[in-house]
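Listing of final-v9.cif, mmCIF, C-alpha atoms
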data_entry
loop_
_atom_site.group_PDB
_atom_site.id
_atom_site.type_symbol
_atom_site.label_atom_id
_atom_site.label_comp_id
_atom_site.auth_asym_id
_atom_site.auth_seq_id
_atom_site.Cartn_x
_atom_site.Cartn_y
_atom_site.Cartn_z
ATOM 1 C CA MET A 272 39.836 -15.245 -11.073
ATOM 2 C CA PRO A 273 41.058 -16.051 -14.607
ATOM 3 C CA ARG A 274 40.551 -13.419 -17.264
ATOM 4 C CA PRO A 275 37.839 -14.147 -19.861
ATOM 5 C CA THR A 276 39.254 -15.782 -22.946
ATOM 6 C CA GLY A 277 38.404 -14.726 -26.445
ATOM 7 C CA LYS A 278 36.227 -17.824 -26.847
ATOM 8 C CA LEU A 279 34.228 -17.003 -23.710
ATOM 9 C CA LEU A 280 33.683 -13.430 -24.818
ATOM 10 C CA LEU A 281 32.642 -14.643 -28.250
ATOM 11 C CA ALA A 282 30.182 -17.135 -26.720
ATOM 12 C CA ALA A 283 28.724 -14.453 -24.435
ATOM 13 C CA GLY A 284 28.317 -12.098 -27.380
ATOM 14 C CA ALA A 285 26.640 -14.796 -29.440
ATOM 15 C CA THR A 286 24.263 -15.632 -26.553
ATOM 16 C CA GLY A 287 23.345 -11.972 -26.224
ATOM 17 C CA ALA A 288 22.746 -11.715 -29.960
ATOM 18 C CA VAL A 289 20.468 -14.768 -29.913
ATOM 19 C CA LEU A 290 18.498 -13.400 -26.930
ATOM 20 C CA ALA A 291 18.062 -10.067 -28.691
ATOM 21 C CA LEU A 292 16.317 -11.891 -31.560
ATOM 22 C CA LEU A 293 13.727 -13.416 -29.241
ATOM 23 C CA PRO A 294 10.360 -11.702 -28.665
ATOM 24 C CA ALA A 295 10.304 -9.441 -25.602
ATOM 25 C CA PRO A 296 7.848 -11.681 -23.638
ATOM 26 C CA THR A 297 10.145 -14.686 -24.181
ATOM 27 C CA ARG A 298 13.186 -12.716 -22.996
ATOM 28 C CA TYR A 299 11.207 -11.637 -19.917
ATOM 29 C CA HIS A 300 10.247 -15.201 -18.980
ATOM 30 C CA LEU A 301 13.794 -16.483 -19.489
ATOM 31 C CA PHE A 302 15.173 -13.664 -17.339
ATOM 32 C CA CYS A 303 12.767 -14.445 -14.473
ATOM 33 C CA LEU A 304 13.446 -18.175 -14.659
ATOM 34 C CA ALA A 305 17.190 -17.514 -14.533
ATOM 35 C CA ALA A 306 16.701 -15.306 -11.458
ATOM 36 C CA ARG A 307 14.706 -17.889 -9.477
ATOM 37 C CA PRO A 308 17.702 -19.519 -7.737
ATOM 38 C CA LEU A 309 18.806 -16.093 -6.435
ATOM 39 C CA VAL A 310 15.457 -14.425 -5.733
ATOM 40 C CA GLY A 311 13.318 -17.412 -4.746
ATOM 41 C CA THR A 312 9.572 -17.794 -5.173
ATOM 42 C CA GLY A 313 8.300 -16.662 -1.807
ATOM 43 C CA GLY A 314 6.782 -13.303 -2.769
ATOM 44 C CA VAL A 315 6.310 -10.428 -0.332
ATOM 45 C CA LEU A 316 5.237 -12.768 2.482
ATOM 46 C CA ALA A 317 8.400 -14.880 2.332
ATOM 47 C CA GLY A 318 10.349 -15.033 5.570
ATOM 48 C CA ASP A 319 7.770 -13.102 7.577
ATOM 49 C CA HIS A 320 9.204 -10.185 9.494
ATOM 50 C CA ILE A 321 7.692 -10.860 12.936
ATOM 51 C CA VAL A 322 7.818 -8.172 15.629
ATOM 52 C CA ASP A 323 6.181 -8.989 18.975
ATOM 53 C CA GLY A 324 4.013 -11.610 17.305
ATOM 54 C CA HIS A 325 2.876 -9.413 14.403
ATOM 55 C CA PRO A 326 3.984 -9.947 10.773
ATOM 56 C CA TYR A 327 5.336 -6.750 9.219
ATOM 57 C CA LEU A 328 6.394 -6.152 5.625
ATOM 58 C CA PRO A 329 10.057 -6.943 4.743
ATOM 59 C CA THR A 330 12.683 -5.020 6.720
ATOM 60 C CA PHE A 331 13.713 -2.816 3.799
ATOM 61 C CA ILE A 332 10.124 -1.489 3.843
ATOM 62 C CA ASN A 333 9.457 -1.697 7.605
ATOM 63 C CA PRO A 334 12.884 -1.355 9.332
ATOM 64 C CA ASN A 335 13.020 -2.543 12.934
ATOM 65 C CA LYS A 336 14.283 0.859 14.114
ATOM 66 C CA GLN A 337 11.349 2.584 12.409
ATOM 67 C CA ILE A 338 8.840 0.173 13.948
ATOM 68 C CA ALA A 339 10.314 0.679 17.434
ATOM 69 C CA GLU A 340 10.167 4.473 17.102
ATOM 70 C CA ALA A 341 6.611 4.344 15.763
ATOM 71 C CA ARG A 342 5.470 2.174 18.683
ATOM 72 C CA GLN A 343 6.872 4.667 21.201
ATOM 73 C CA TYR A 344 5.558 7.815 19.550
ATOM 74 C CA THR A 345 2.806 9.715 21.360
ATOM 75 C CA TRP A 346 0.088 10.953 19.006
ATOM 76 C CA ASN A 347 -1.908 14.078 19.802
ATOM 77 C CA GLU A 348 -4.767 16.343 18.736
ATOM 78 C CA ASP A 349 -2.915 17.223 15.525
ATOM 79 C CA ASP A 350 -3.053 13.619 14.262
ATOM 80 C CA VAL A 351 -5.645 11.677 12.280
ATOM 81 C CA ILE A 352 -4.403 8.090 12.155
ATOM 82 C CA LEU A 353 -5.683 5.927 9.298
ATOM 83 C CA ALA A 354 -5.071 2.245 10.080
ATOM 84 C CA SER A 355 -5.765 -0.770 7.884
ATOM 85 C CA HIS A 356 -4.714 -4.269 6.966
ATOM 86 C CA PRO A 357 -2.708 -4.113 3.696
ATOM 87 C CA LYS A 358 -4.892 -3.986 0.557
ATOM 88 C CA SER A 359 -8.056 -3.149 2.493
ATOM 89 C CA GLY A 360 -8.852 0.212 0.935
ATOM 90 C CA THR A 361 -5.962 2.203 2.386
ATOM 91 C CA HIS A 362 -5.382 4.375 -0.664
ATOM 92 C CA LEU A 363 -9.038 5.190 -1.298
ATOM 93 C CA THR A 364 -9.507 6.224 2.337
ATOM 94 C CA MET A 365 -6.204 8.112 2.260
ATOM 95 C CA LEU A 366 -7.313 9.968 -0.871
ATOM 96 C CA THR A 367 -10.694 10.776 0.688
ATOM 97 C CA LEU A 368 -9.213 12.102 3.927
ATOM 98 C CA LEU A 369 -6.678 14.242 2.063
ATOM 99 C CA LEU A 370 -9.427 15.624 -0.186
ATOM 100 C CA ILE A 371 -11.371 16.524 2.963
ATOM 101 C CA LEU A 372 -8.346 18.155 4.611
ATOM 102 C CA PHE A 373 -7.667 20.149 1.424
ATOM 103 C CA ARG A 374 -11.408 20.880 0.996
ATOM 104 C CA GLY A 375 -11.513 19.007 -2.301
ATOM 105 C CA ASP A 376 -8.627 20.813 -3.952
ATOM 106 C CA LEU A 377 -5.466 18.673 -3.841
ATOM 107 C CA PRO A 378 -2.254 19.991 -5.406
ATOM 108 C CA PRO A 379 -2.162 18.837 -9.058
ATOM 109 C CA LYS A 380 -0.491 15.480 -9.808
ATOM 110 C CA THR A 381 0.395 15.119 -6.155
ATOM 111 C CA ASN A 382 1.996 12.059 -4.626
ATOM 112 C CA LEU A 383 -0.349 11.249 -1.752
ATOM 113 C CA HIS A 384 2.493 9.834 0.325
ATOM 114 C CA THR A 385 4.279 13.187 0.455
ATOM 115 C CA LEU A 386 1.221 14.614 2.241
ATOM 116 C CA ALA A 387 1.111 11.987 4.997
ATOM 117 C CA VAL A 388 3.193 10.319 7.703
ATOM 118 C CA ALA A 389 3.825 6.549 7.378
ATOM 119 C CA PRO A 390 5.395 5.805 10.769
ATOM 120 C CA GLU A 391 6.608 2.211 10.433
ATOM 121 C CA PHE A 392 7.785 2.639 6.825
ATOM 122 C CA ASP A 393 11.159 3.606 5.461
ATOM 123 C CA GLN A 394 10.380 7.059 4.044
ATOM 124 C CA ALA A 395 11.805 6.323 0.597
ATOM 125 C CA ALA A 396 10.009 2.952 0.421
ATOM 126 C CA ALA A 397 6.761 4.733 1.322
ATOM 127 C CA GLY A 398 7.060 7.045 -1.676
ATOM 128 C CA GLY A 399 8.621 9.959 0.179
ATOM 129 C CA SER A 400 6.303 10.106 3.173
ATOM 130 C CA ARG A 401 6.831 12.807 5.778
ATOM 131 C CA SER A 402 8.559 12.498 9.144
ATOM 132 C CA TYR A 403 6.417 12.698 12.278
ATOM 133 C CA ASP A 404 9.119 14.856 13.889
ATOM 134 C CA GLU A 405 8.425 17.863 11.645
ATOM 135 C CA PRO A 406 7.407 21.123 13.322
ATOM 136 C CA LYS A 407 3.726 22.034 13.062
ATOM 137 C CA GLU A 408 4.342 24.906 10.682
ATOM 138 C CA ASP A 409 5.708 22.449 8.094
ATOM 139 C CA TYR A 410 2.631 20.191 8.044
ATOM 140 C CA PRO A 411 0.828 20.310 4.672
ATOM 141 C CA THR A 412 -2.475 20.034 6.571
ATOM 142 C CA LEU A 413 -3.631 20.341 10.142
ATOM 143 C CA PRO A 414 -4.648 17.890 11.449
ATOM 144 C CA ARG A 415 -2.008 15.853 9.651
ATOM 145 C CA LEU A 416 -2.725 12.453 8.180
ATOM 146 C CA VAL A 417 -0.914 9.348 9.472
ATOM 147 C CA ILE A 418 -1.272 6.061 7.565
ATOM 148 C CA THR A 419 -0.275 2.726 9.113
ATOM 149 C CA HIS A 420 -0.721 -1.034 8.902
ATOM 150 C CA MET A 421 0.348 -1.469 12.521
ATOM 151 C CA PRO A 422 -2.079 -3.431 14.700
ATOM 152 C CA GLU A 423 -4.036 -1.547 17.351
ATOM 153 C CA ARG A 424 -1.964 -3.032 20.173
ATOM 154 C CA HIS A 425 1.261 -1.623 18.677
ATOM 155 C CA LEU A 426 0.012 1.963 18.443
ATOM 156 C CA THR A 427 0.291 4.190 21.483
ATOM 157 C CA TYR A 428 -3.280 5.197 22.278
ATOM 158 C CA SER A 429 -4.001 8.874 22.806
ATOM 159 C CA PRO A 430 -7.467 10.156 23.789
ATOM 160 C CA SER A 431 -6.758 13.436 21.972
ATOM 161 C CA ALA A 432 -5.855 11.931 18.574
ATOM 162 C CA LYS A 433 -8.424 10.676 16.049
ATOM 163 C CA TYR A 434 -8.328 7.146 14.622
ATOM 164 C CA VAL A 435 -9.960 5.830 11.438
ATOM 165 C CA TYR A 436 -9.896 2.107 10.702
ATOM 166 C CA VAL A 437 -10.900 0.872 7.241
ATOM 167 C CA MET A 438 -11.731 -2.772 6.669
ATOM 168 C CA ARG A 439 -12.610 -4.712 3.527
ATOM 169 C CA ASN A 440 -14.074 -8.077 2.593
ATOM 170 C CA PRO A 441 -11.232 -10.520 3.424
ATOM 171 C CA VAL A 442 -11.560 -12.432 0.136
ATOM 172 C CA ALA A 443 -11.166 -9.196 -1.835
ATOM 173 C CA THR A 444 -8.274 -8.180 0.423
ATOM 174 C CA LEU A 445 -6.428 -11.435 -0.239
ATOM 175 C CA ALA A 446 -7.133 -11.260 -3.989
ATOM 176 C CA SER A 447 -5.814 -7.693 -4.162
ATOM 177 C CA LEU A 448 -2.636 -8.637 -2.296
ATOM 178 C CA ARG A 449 -2.117 -11.583 -4.667
ATOM 179 C CA ARG A 450 -2.525 -9.397 -7.754
ATOM 180 C CA MET A 451 -0.209 -6.676 -6.492
ATOM 181 C CA GLU A 452 2.434 -9.273 -5.683
ATOM 182 C CA GLN A 453 2.110 -10.678 -9.185
ATOM 183 C CA LEU A 454 2.412 -7.204 -10.698
ATOM 184 C CA LEU A 455 5.658 -6.662 -8.796
ATOM 185 C CA LEU A 456 7.205 -10.115 -9.225
ATOM 186 C CA GLY A 457 5.466 -11.745 -12.186
ATOM 187 C CA PRO A 458 4.415 -15.379 -12.642
ATOM 188 C CA HIS A 459 7.766 -17.068 -11.938
ATOM 189 C CA LEU A 460 8.863 -15.464 -8.661
ATOM 190 C CA THR A 461 5.585 -15.544 -6.763
ATOM 191 C CA PRO A 462 4.458 -18.551 -4.702
ATOM 192 C CA THR A 463 1.949 -21.092 -5.923
ATOM 193 C CA LEU A 464 -1.642 -20.303 -5.022
ATOM 194 C CA ASP A 465 -1.577 -23.011 -2.324
ATOM 195 C CA ASP A 466 1.559 -21.547 -0.717
ATOM 196 C CA PHE A 467 0.226 -18.007 -0.970
ATOM 197 C CA VAL A 468 -3.065 -18.894 0.719
ATOM 198 C CA ALA A 469 -1.232 -20.796 3.470
ATOM 199 C CA ARG A 470 1.052 -17.837 4.238
ATOM 200 C CA GLY A 471 -1.563 -15.160 3.680
ATOM 201 C CA SER A 472 -4.216 -16.891 5.753
ATOM 202 C CA MET A 473 -6.782 -14.469 7.087
ATOM 203 C CA LEU A 474 -6.940 -16.554 10.286
ATOM 204 C CA ARG A 475 -3.286 -16.656 11.286
ATOM 205 C CA PRO A 476 -1.857 -14.457 14.087
ATOM 206 C CA GLY A 477 -1.486 -10.951 12.686
ATOM 207 C CA GLY A 478 -3.750 -11.751 9.759
ATOM 208 C CA TRP A 479 -6.900 -9.945 8.646
ATOM 209 C CA LEU A 480 -9.179 -11.343 11.352
ATOM 210 C CA ASP A 481 -6.676 -10.690 14.137
ATOM 211 C CA GLN A 482 -6.224 -7.066 13.146
ATOM 212 C CA VAL A 483 -9.912 -6.381 12.539
ATOM 213 C CA LEU A 484 -10.854 -7.896 15.904
ATOM 214 C CA GLN A 485 -8.314 -5.719 17.700
ATOM 215 C CA TRP A 486 -9.855 -2.541 16.301
ATOM 216 C CA TRP A 487 -13.410 -3.847 16.634
ATOM 217 C CA SER A 488 -12.841 -4.540 20.329
ATOM 218 C CA VAL A 489 -12.231 -0.811 20.964
ATOM 219 C CA ARG A 490 -14.980 0.475 18.654
ATOM 220 C CA SER A 491 -16.739 2.240 21.571
ATOM 221 C CA ARG A 492 -13.958 4.818 21.767
ATOM 222 C CA SER A 493 -15.359 8.211 20.823
ATOM 223 C CA ASN A 494 -12.193 9.072 18.874
ATOM 224 C CA LEU A 495 -12.344 5.964 16.646
ATOM 225 C CA LEU A 496 -14.363 5.686 13.435
ATOM 226 C CA ILE A 497 -14.598 2.343 11.616
ATOM 227 C CA VAL A 498 -15.458 2.479 7.909
ATOM 228 C CA THR A 499 -15.578 -0.114 5.144
ATOM 229 C CA TYR A 500 -14.065 0.010 1.692
ATOM 230 C CA GLU A 501 -17.336 -1.199 0.187
ATOM 231 C CA GLU A 502 -19.428 1.654 1.620
ATOM 232 C CA MET A 503 -16.881 4.198 0.414
ATOM 233 C CA VAL A 504 -17.171 2.835 -3.134
ATOM 234 C CA THR A 505 -20.980 2.582 -3.181
ATOM 235 C CA ALA A 506 -21.805 5.727 -1.148
ATOM 236 C CA PRO A 507 -18.915 8.169 -1.595
ATOM 237 C CA ARG A 508 -20.739 11.377 -0.589
ATOM 238 C CA SER A 509 -22.203 10.090 2.664
ATOM 239 C CA SER A 510 -18.853 8.443 3.474
ATOM 240 C CA ALA A 511 -17.027 11.712 2.853
ATOM 241 C CA GLU A 512 -19.554 13.630 4.959
ATOM 242 C CA ARG A 513 -19.156 11.173 7.830
ATOM 243 C CA LEU A 514 -15.349 11.352 7.686
ATOM 244 C CA ALA A 515 -15.328 15.159 7.457
ATOM 245 C CA LYS A 516 -17.528 15.475 10.523
ATOM 246 C CA PHE A 517 -15.342 13.014 12.411
ATOM 247 C CA VAL A 518 -12.054 14.833 11.713
ATOM 248 C CA GLY A 519 -13.636 18.207 12.493
ATOM 249 C CA LYS A 520 -13.662 19.735 9.008
ATOM 250 C CA SER A 521 -16.746 21.739 8.051
ATOM 251 C CA LEU A 522 -17.278 21.450 4.290
ATOM 252 C CA THR A 523 -19.915 23.215 2.229
ATOM 253 C CA PRO A 524 -22.297 21.061 0.147
ATOM 254 C CA GLU A 525 -20.344 22.110 -2.947
ATOM 255 C CA GLN A 526 -17.055 21.024 -1.356
ATOM 256 C CA LEU A 527 -18.568 17.680 -0.335
ATOM 257 C CA ASP A 528 -19.761 17.149 -3.902
ATOM 258 C CA LEU A 529 -16.245 17.926 -5.110
ATOM 259 C CA VAL A 530 -14.696 15.449 -2.678
ATOM 260 C CA ALA A 531 -17.182 12.707 -3.595
ATOM 261 C CA GLY A 532 -16.593 13.244 -7.323
ATOM 262 C CA ARG A 533 -12.856 12.980 -6.858
ATOM 263 C CA MET A 534 -13.094 9.719 -4.933
ATOM 264 C CA SER A 535 -13.617 7.984 -8.280
ATOM 265 C CA LEU A 536 -11.129 5.639 -9.907
ATOM 266 C CA LYS A 537 -11.158 7.723 -13.103
ATOM 267 C CA TRP A 538 -10.248 10.957 -11.320
ATOM 268 C CA ALA A 539 -7.539 9.290 -9.246
ATOM 269 C CA LEU A 540 -5.857 7.727 -12.274
ATOM 270 C CA GLU A 541 -5.822 11.047 -14.128
ATOM 271 C CA HIS A 542 -4.802 13.368 -11.302
ATOM 272 C CA VAL A 543 -3.113 11.573 -8.436
ATOM 273 C CA ASP A 544 0.269 10.015 -7.869
ATOM 274 C CA PRO A 545 1.033 7.254 -6.698
ATOM 275 C CA TYR A 546 -1.706 5.940 -8.987
ATOM 276 C CA ASN A 547 -0.228 7.339 -12.185
ATOM 277 C CA HIS A 548 3.520 6.877 -11.723
ATOM 278 C CA LYS A 549 5.231 3.658 -12.734
ATOM 279 C CA GLU A 550 6.022 1.340 -9.835
ATOM 280 C CA ILE A 551 7.839 -1.727 -11.164
ATOM 281 C CA THR A 552 10.621 -4.144 -10.300
ATOM 282 C CA PRO A 553 12.963 -5.877 -12.774
ATOM 283 C CA PHE A 554 10.552 -8.832 -12.583
ATOM 284 C CA SER A 555 7.293 -6.960 -13.225
ATOM 285 C CA PRO A 556 5.437 -8.484 -16.196
ATOM 286 C CA PRO A 557 5.326 -6.293 -19.308
ATOM 287 C CA ASP A 558 1.508 -6.401 -19.572
ATOM 288 C CA ARG A 559 -0.016 -4.225 -16.830
ATOM 289 C CA ALA A 560 -3.073 -3.079 -18.767
ATOM 290 C CA LEU A 561 -5.559 -4.044 -16.059
ATOM 291 C CA ALA A 562 -3.867 -2.070 -13.278
ATOM 292 C CA SER A 563 -2.747 1.462 -12.619
ATOM 293 C CA GLN A 564 0.907 2.038 -13.464
ATOM 294 C CA SER A 565 1.763 2.020 -9.778
ATOM 295 C CA GLY A 566 -0.073 -1.232 -9.117
ATOM 296 C CA PHE A 567 -1.937 0.319 -6.182
ATOM 297 C CA ILE A 568 -5.238 0.007 -8.084
ATOM 298 C CA VAL A 569 -5.860 -3.464 -9.464
ATOM 299 C CA ASN A 570 -8.854 -5.046 -11.185
ATOM 300 C CA ALA A 571 -8.337 -8.287 -9.270
ATOM 301 C CA THR A 572 -11.290 -10.107 -10.842
ATOM 302 C CA ALA A 573 -10.335 -9.373 -14.470
ATOM 303 C CA MET A 574 -6.602 -10.077 -14.385
ATOM 304 C CA PRO A 575 -5.324 -13.440 -15.658
ATOM 305 C CA SER A 576 -4.473 -16.003 -13.009
ATOM 306 C CA TRP A 577 -0.870 -17.268 -13.057
#

I'd like the structure from this file rewritten - as structure tokens, please.
Amino acid sequence: MPRPTGKLLLAAGATGAVLALLPAPTRYHLFCLAARPLVGTGGVLAGDHIVDGHPYLPTFINPNKQIAEARQYTWNEDDVILASHPKSGTHLTMLTLLLILFRGDLPPKTNLHTLAVAPEFDQAAAGGSRSYDEPKEDYPTLPRLVITHMPERHLTYSPSAKYVYVMRNPVATLASLRRMEQLLLGPHLTPTLDDFVARGSMLRPGGWLDQVLQWWSVRSRSNLLIVTYEEMVTAPRSSAERLAKFVGKSLTPEQLDLVAGRMSLKWALEHVDPYNHKEITPFSPPDRALASQSGFIVNATAMPSW
């Protein structure tokens, strides 16, 4: 490769100087547009990672080896498995279950992921989640919490484990996924709305309906509890009481009040990571005022549409 000439270096320096004079939003948009040929505009659903007919998240998040190990793992009486379709209320239910397991008193500024097992996820990509091979004495709680987006047919069923499935209105689920994708990739590297809806269809194999129907078909199991995101938001205390009874934790009325109070958006944003740490990519738009720093909590109805 030829060495840069003085003229090339001068031109590059002049280009950089001109870009530095531009407003930050303009520089951001130019940077994303320049990256499009390399990054593409497919978003998180581009090139679906299909395993045995089910679409998983990209392989750097859900490695094939991790998925295979998770599918073979035998759960037991020490496990409470929280399953959900992505963006269906996973983090609210996760927060609620951890509050119950800690009797309302979570460690301050804790990262929820470090208190749970995320079996099909790369541990770093899941925010430092725990390994399911840890000895019992190292569990932060007992039973331990397992969070997963795996479909029911991919999880080894155990009559001694407990399973919680949370589902959410599919329109709200799709809107939340769209907004989170936009927060991570901005307006230039995400698909058009038509392409997003086509790929994120609630009716496709492995989509929302497929996963919900799998769990609904086994709802008669005594060790499965199905909850909805909407009831947890509108009736936090009764939801917490129902979940506590199901996982076998006896809480006093005062502890239940504490749990219900801390299921609020305000408390989570002030006290809990991953809600209050910054989760961005080089393509994240500079204005994130209508979402938590992490992007896990999004006001999907108030954000601008790109």

Using only C-alpha atoms, what table do you get, as JSON lines, when you list each residue of range 334-438 of chain A with an atom no more than 10 Å from range 501-509 of chain A, its nearest pair of atoms, and their distance in Å rounded to one decimal, rows by chain then rising number?
{"residue": "A:Ser359", "atom": "CA", "partner": "A:Glu501", "partner_atom": "CA", "distance": 9.8}
{"residue": "A:Gly360", "atom": "CA", "partner": "A:Glu501", "partner_atom": "CA", "distance": 8.6}
{"residue": "A:Leu363", "atom": "CA", "partner": "A:Met503", "partner_atom": "CA", "distance": 8.1}
{"residue": "A:Thr364", "atom": "CA", "partner": "A:Met503", "partner_atom": "CA", "distance": 7.9}
{"residue": "A:Thr367", "atom": "CA", "partner": "A:Pro507", "partner_atom": "CA", "distance": 8.9}
{"residue": "A:Val437", "atom": "CA", "partner": "A:Met503", "partner_atom": "CA", "distance": 9.7}
{"residue": "A:Met438", "atom": "CA", "partner": "A:Glu501", "partner_atom": "CA", "distance": 8.7}

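The set of residues that the PyMOL selection byres ((chain A and resi 392-395) around 8) takes from this file is Phe331, Ile332, Asn333, Pro334, Gln337, Ile338, Ala389, Pro390, Glu391, Ala396, Ala397, Gly398, Gly399, Ser400, Arg401 and Ser402 of chain A.
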
CA of Asp404 in chain A to CA of Arg374 in chain A, straight-line distance in Å: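 Taking CA of Arg374 in chain A and CA of Asp404 in chain A, their separation equals 25.0 Å.
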
Atomic distance CA of Leu377 in chain A - CA of Lys516 in chain A, expressed in Å with one decimal: 19.0 Å

Non-local contacts of Pro557 in chain A (10 Å; only C-alpha atoms; under 3 positions in same chain excluded) as a PyMOL selection string: chain A and resi 295-296+299+454+457+551+554+560

Among the residues A:Lys520, A:Arg490, A:Thr552, A:Pro379, the one that comes closest to Thr412 in chain A [using all atoms listed in the file]: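 Closest to Thr412 in chain A of all the choices is A:Lys520.
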
Test item: residues at most 9 Å from Pro357 in chain A, only C-alpha atoms, excluding those fewer than 5 positions along its chain, as an MDAnalysis selection string: chainID A and resid 420 444 448 479

Distance of CA of Ala511 in chain A from CA of Ser488 in chain A, expressed in Å to one decimal place: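 Computed distance, CA of Ser488 in chain A to CA of Ala511 in chain A, equals 24.2 Å.
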
From A:Ala354, A:Leu309, A:Leu301, A:Ala291, residue lying nearest Gln485 in chain A [only C-alpha atoms]: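 With only C-alpha atoms as the atom set, the closest residue is A:Ala354.
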
Report the closest atom pair, with its distance in Å rounded to one decimal, for each residue of range 324-422 of chain A that has an atom no farther than 10 Å from range 544-550 of chain A; count all atoms listed in the file, sort by chain and then rising residue number, and write it as a Markdown table.
| residue | atom | partner | partner_atom | distance |
| --- | --- | --- | --- | --- |
| A:His362 | CA | A:Tyr546 | CA | 9.2 |
| A:Pro379 | CA | A:Asp544 | CA | 9.2 |
| A:Lys380 | CA | A:Asp544 | CA | 5.8 |
| A:Thr381 | CA | A:Asp544 | CA | 5.4 |
| A:Asn382 | CA | A:Asp544 | CA | 4.2 |
| A:Leu383 | CA | A:Asp544 | CA | 6.3 |
| A:His384 | CA | A:Pro545 | CA | 7.6 |
| A:Thr385 | CA | A:Asp544 | CA | 9.8 |
| A:Gly398 | CA | A:Pro545 | CA | 7.8 |

8 Å contact set for Val417 in chain A, all atoms listed in the file, chain neighbours under 6 positions out, as a ChimeraX atom specification: /A:350-353,387-390

Protein/DNA/RNA residues near (6.8, 1.8, 21.8), cut 12 Å, all atoms listed in the file, as a list in words: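 Those residues, ordered by chain and then number, are Val322, Asp323, Asn335, Lys336, Gln337, Ile338, Ala339, Glu340, Ala341, Arg342, Gln343, Tyr344, Thr345, Trp346, Pro390, Glu391, Met421, Arg424, His425, Leu426, Thr427 and Tyr428 of chain A.
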
Mind listing whatever residues come within 8 Å of the point (3.5, -12.5, -16.3)? Use all atoms listed in the file, file coordinates, and give them as a compact mmCIF listing (two decimals) with C-alpha atoms, in the coordinates of the input.
# COMPACT_ATOMS: atom_id res chain seq x y z
CA HIS A 300 10.25 -15.20 -18.98
CA GLN A 453 2.11 -10.68 -9.18
CA LEU A 454 2.41 -7.20 -10.70
CA GLY A 457 5.47 -11.74 -12.19
CA PRO A 458 4.42 -15.38 -12.64
CA HIS A 459 7.77 -17.07 -11.94
CA SER A 555 7.29 -6.96 -13.22
CA PRO A 556 5.44 -8.48 -16.20
CA PRO A 557 5.33 -6.29 -19.31
CA ASP A 558 1.51 -6.40 -19.57
CA TRP A 577 -0.87 -17.27 -13.06

Residue nearest Tyr436 in chain A - candidates A:Ser565, A:Thr463, A:Asn494, A:Ser521, atoms counted: only C-alpha atoms: A:Asn494

What's around Thr523 in chain A at 12 Å? Count all atoms listed in the file, leave out sequence neighbours fewer than 5 positions away in its own chain, and write the answer as a PDB file with C-alpha atoms, keeping the file's coordinate frame.
ATOM      1  CA  ILE A 371     -11.371  16.524   2.963  1.00  0.00           C
ATOM      2  CA  ARG A 374     -11.408  20.880   0.996  1.00  0.00           C
ATOM      3  CA  GLY A 375     -11.513  19.007  -2.301  1.00  0.00           C
ATOM      4  CA  ALA A 511     -17.027  11.712   2.853  1.00  0.00           C
ATOM      5  CA  GLU A 512     -19.554  13.630   4.959  1.00  0.00           C
ATOM      6  CA  ALA A 515     -15.328  15.159   7.457  1.00  0.00           C
ATOM      7  CA  LYS A 516     -17.528  15.475  10.523  1.00  0.00           C
ATOM      8  CA  ASP A 528     -19.761  17.149  -3.902  1.00  0.00           C
ATOM      9  CA  LEU A 529     -16.245  17.926  -5.110  1.00  0.00           C
ATOM     10  CA  VAL A 530     -14.696  15.449  -2.678  1.00  0.00           C
TER      11      VAL A 530
END

Option closest in space to Arg449 in chain A, from A:Tyr403, A:Phe467, A:Tyr434, A:Trp486 [counting only C-alpha atoms]: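 Closest to Arg449 in chain A, using only C-alpha atoms: A:Phe467.
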
Among the residues A:Leu304, A:Arg298, A:Pro462, A:Arg533, the one that comes closest to Leu369 in chain A [using all atoms listed in the file]: A:Arg533

Residue nearest Arg475 in chain A among A:Cys303, A:Leu413, A:Asn440, A:Pro326 (counting all atoms listed in the file): A:Pro326
